[in-house]
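Before any comments, here is the structure.
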Amino acid sequence: MFSVSPEHNCCTTQPKGKALCPYCQKEAKGVLSKTLEHLLKNTVRSTLSSLEGYYYCKTASCKVVYFKEDDILTQEDLSVEVGLKEGVSPATLCYCFHWSKENIQKELEISGNTKALEEIKAKMKDPGCSCEILNPSGGCCLTDVQKFIHEAKSSL
Ligand SMILES: [Zn+2]
């Protein structure tokens with residue numbers, strides 16, 4: 001049931017199960033209970049019987065952030081803005097070292113390049129990252145950052 005990702009293993013291993021988001025029907029990854037524990041508003045967390053078994057929907061246009069069967073949690077239930085969702089500003093991509101779509105875009109406009117990836121990779125080694133409690137996805141941001149840089153560069 002569990003497979004080891006050959007990619008980055010900076011963070012605690014995430015639950016490997018996947019489920020379909022009840023709204024957008026896209027595949028969503030499981031998140032650790034400690035991710036929800038840190039990112040949900042206190043008032044919301046106290047109403048939930050358990051933080052285990054939730055999934056994270058990363059679809060930009062979907063209002064669902066976390067779900068577990070019929071249980072839906074949205075942006076309103078979280079204490080941080082989910083940068084990957086549509087219309088969010090700042091659109092934070094890297095929650096550990098504060099890279100957003102805005103500041104990457106700005107660097108690209110000024111110099112044609114960005115040090116975001118290099119800086120994130122360097123800081124992952126020292127001092128290390130805390131994606132599992134800071135990033136709503138509960139995981140590494142590198143794929144999202146890479147994808148955004150690619151998109152932004154091609155539309156410069
Ligand atoms: Zn969704």
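Just so we're on the same page: first chain in the structure tokens is A, next is B, and so on; residues restart at 1 for each chain, and ligands are numbered from 1 in the order they show up.
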
Requested in this report: With a distance cut-off of 9 Å and only C-alpha atoms, select the neighbouring residues of Val64 (chain A), excluding the residue or stretch itself and same-chain residues fewer than 6 positions from it, and output the selection as number ranges by chain.
Outcome: A: 21-24, 56-58, 72-75

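Among the candidates A:Gly128, A:Ile104, A:Lys115, A:Ala122, the residue lying nearest to Glu151 (chain A) is A:Ile104 (atoms considered: only C-alpha atoms).
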
Next item on the list: Write out as a ChimeraX atom specification all residues of chain A that backbone DSSP assigns to helix (DSSP H, G or I).
Entry: /A:33-39,42-45,75-77,101-111,116-125,131-134,142-154

Can I get the selection written as a compact mmCIF listing (two decimals), in the first residue's frame, with C-alpha atoms?
```txt
# COMPACT_ATOMS: atom_id res chain seq x y z
CA SER A 33 -3.46 15.09 10.90
CA LYS A 34 -0.72 17.45 12.06
CA THR A 35 -1.13 19.51 8.89
CA LEU A 36 -4.78 20.13 9.74
CA GLU A 37 -3.91 20.61 13.37
CA HIS A 38 -1.68 23.56 12.50
CA LEU A 39 -3.65 25.13 9.68
CA ASN A 42 -9.22 26.73 16.40
CA THR A 43 -12.97 27.14 16.23
CA VAL A 44 -13.16 24.70 13.33
CA ARG A 45 -10.71 22.17 14.71
CA GLN A 75 -10.57 28.45 2.78
CA GLU A 76 -12.83 29.92 5.46
CA ASP A 77 -11.91 27.11 7.80
CA LYS A 101 3.65 33.81 -7.37
CA GLU A 102 3.94 37.57 -6.91
CA ASN A 103 7.55 37.75 -5.79
CA ILE A 104 8.72 35.14 -8.30
CA GLN A 105 6.93 37.01 -11.08
CA LYS A 106 8.54 40.26 -9.96
CA GLU A 107 12.03 38.76 -10.04
CA LEU A 108 11.39 37.38 -13.49
CA GLU A 109 10.21 40.74 -14.75
CA ILE A 110 13.24 42.53 -13.35
CA SER A 111 16.03 40.11 -14.22
CA ALA A 116 13.48 30.87 -5.91
CA LEU A 117 14.30 27.24 -6.68
CA GLU A 118 17.97 27.49 -5.72
CA GLU A 119 17.12 29.31 -2.54
CA ILE A 120 14.39 26.86 -1.54
CA LYS A 121 16.64 23.87 -2.25
CA ALA A 122 19.50 25.38 -0.25
CA LYS A 123 17.28 26.21 2.68
CA MET A 124 15.68 22.75 2.63
CA LYS A 125 19.12 21.46 3.62
CA CYS A 131 6.06 21.82 4.86
CA GLU A 132 3.98 19.30 6.74
CA ILE A 133 2.78 21.95 9.17
CA LEU A 134 3.06 25.13 7.08
CA LEU A 142 9.10 22.37 -5.29
CA THR A 143 6.82 20.93 -7.97
CA ASP A 144 4.41 23.86 -7.65
CA VAL A 145 7.23 26.41 -7.70
CA GLN A 146 8.83 24.77 -10.73
CA LYS A 147 5.53 24.66 -12.57
CA PHE A 148 4.80 28.30 -11.85
CA ILE A 149 8.27 29.48 -12.95
CA HIS A 150 7.84 27.56 -16.19
CA GLU A 151 4.44 29.14 -16.84
CA ALA A 152 5.59 32.62 -15.87
CA LYS A 153 8.71 32.42 -18.02
CA SER A 154 6.80 31.35 -21.08
```

Strand (DSSP E) per DSSP on the backbone: members of chain A, as a PyMOL selection string:
chain A and resi 18-20+27-30+55-56+64-68+71-74+92-94+99-100

re CA of Leu84 (chain A) and CA of Leu20 (chain A): distance 18.0 Å

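Proximity to ligand 1 was assessed for A:Gly138, A:Gly17, A:Thr59, A:Ser46 counting only C-alpha atoms and all ligand atoms; the smallest distance is recorded for A:Thr59.
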
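Taking only C-alpha atoms into account, Phe67 (chain A) lies nearest to A:Leu51 out of the set A:Cys140, A:Leu51, A:Cys94, A:Val88.
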
Fill in: Selection near Gly87 (chain A), 12 Å with only C-alpha atoms, sequence-local residues under 2 positions removed, as number ranges by chain
A: 60-63, 75, 81-85, 89-92, 101

Just-selected residues, N, CA and C atoms written as a short mmCIF file (atom, residue, chain, number, x, y, z; two decimals), in the first residue's frame:
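Final output, saved to out_39.cif:
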```cif
data_model
loop_
_atom_site.label_atom_id
_atom_site.label_comp_id
_atom_site.auth_asym_id
_atom_site.auth_seq_id
_atom_site.Cartn_x
_atom_site.Cartn_y
_atom_site.Cartn_z
N ALA A 60 -7.17 24.48 -8.67
CA ALA A 60 -7.21 25.92 -8.44
C ALA A 60 -8.64 26.46 -8.38
N SER A 61 -9.51 25.93 -9.23
CA SER A 61 -10.86 26.48 -9.32
C SER A 61 -11.84 25.84 -8.34
N CYS A 62 -11.37 24.88 -7.56
CA CYS A 62 -12.26 24.16 -6.65
C CYS A 62 -12.21 24.79 -5.27
N LYS A 63 -13.39 24.96 -4.67
CA LYS A 63 -13.43 25.63 -3.35
C LYS A 63 -13.05 24.70 -2.20
N GLN A 75 -11.46 27.37 2.37
CA GLN A 75 -10.57 28.45 2.78
C GLN A 75 -11.01 29.10 4.10
N GLU A 81 -3.96 31.51 3.94
CA GLU A 81 -4.52 31.54 2.59
C GLU A 81 -3.92 30.39 1.79
N VAL A 82 -4.76 29.72 1.02
CA VAL A 82 -4.27 28.62 0.19
C VAL A 82 -3.86 29.19 -1.16
N GLY A 83 -2.54 29.39 -1.34
CA GLY A 83 -1.99 30.10 -2.49
C GLY A 83 -2.29 29.49 -3.84
N LEU A 84 -2.57 28.20 -3.86
CA LEU A 84 -2.80 27.55 -5.15
C LEU A 84 -4.23 27.71 -5.65
N LYS A 85 -5.10 28.22 -4.81
CA LYS A 85 -6.49 28.39 -5.24
C LYS A 85 -6.65 29.71 -5.98
N SER A 89 -4.40 36.23 -2.95
CA SER A 89 -3.25 37.12 -3.00
C SER A 89 -2.79 37.48 -1.60
N PRO A 90 -1.52 37.32 -1.24
CA PRO A 90 -0.49 36.77 -2.11
C PRO A 90 -0.70 35.27 -2.34
N ALA A 91 -0.33 34.83 -3.53
CA ALA A 91 -0.47 33.42 -3.86
C ALA A 91 0.79 32.69 -3.42
N THR A 92 0.82 32.36 -2.15
CA THR A 92 2.00 31.70 -1.58
C THR A 92 2.18 30.30 -2.16
N LYS A 101 3.70 33.55 -5.93
CA LYS A 101 3.65 33.81 -7.37
C LYS A 101 4.06 35.25 -7.62
#
```

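Across the structure, atom 1 (Zn, counted along the ligand's line) of ligand 1 and CA of Glu86 (chain A) are spaced 12.1 Å apart.
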
Considering only C-alpha atoms, return as a ChimeraX atom specification whatever protein or nucleic-acid residues lie within 8 Å of Lys68 (chain A), sequence-local ones (same chain, fewer than 3 positions apart) excluded. /A:53-55,71-72

One residue among A:Thr114, A:Ser49, A:Ser100, A:Ser155 is nearest to Cys141 (chain A) when using only C-alpha atoms, and that residue is A:Ser100
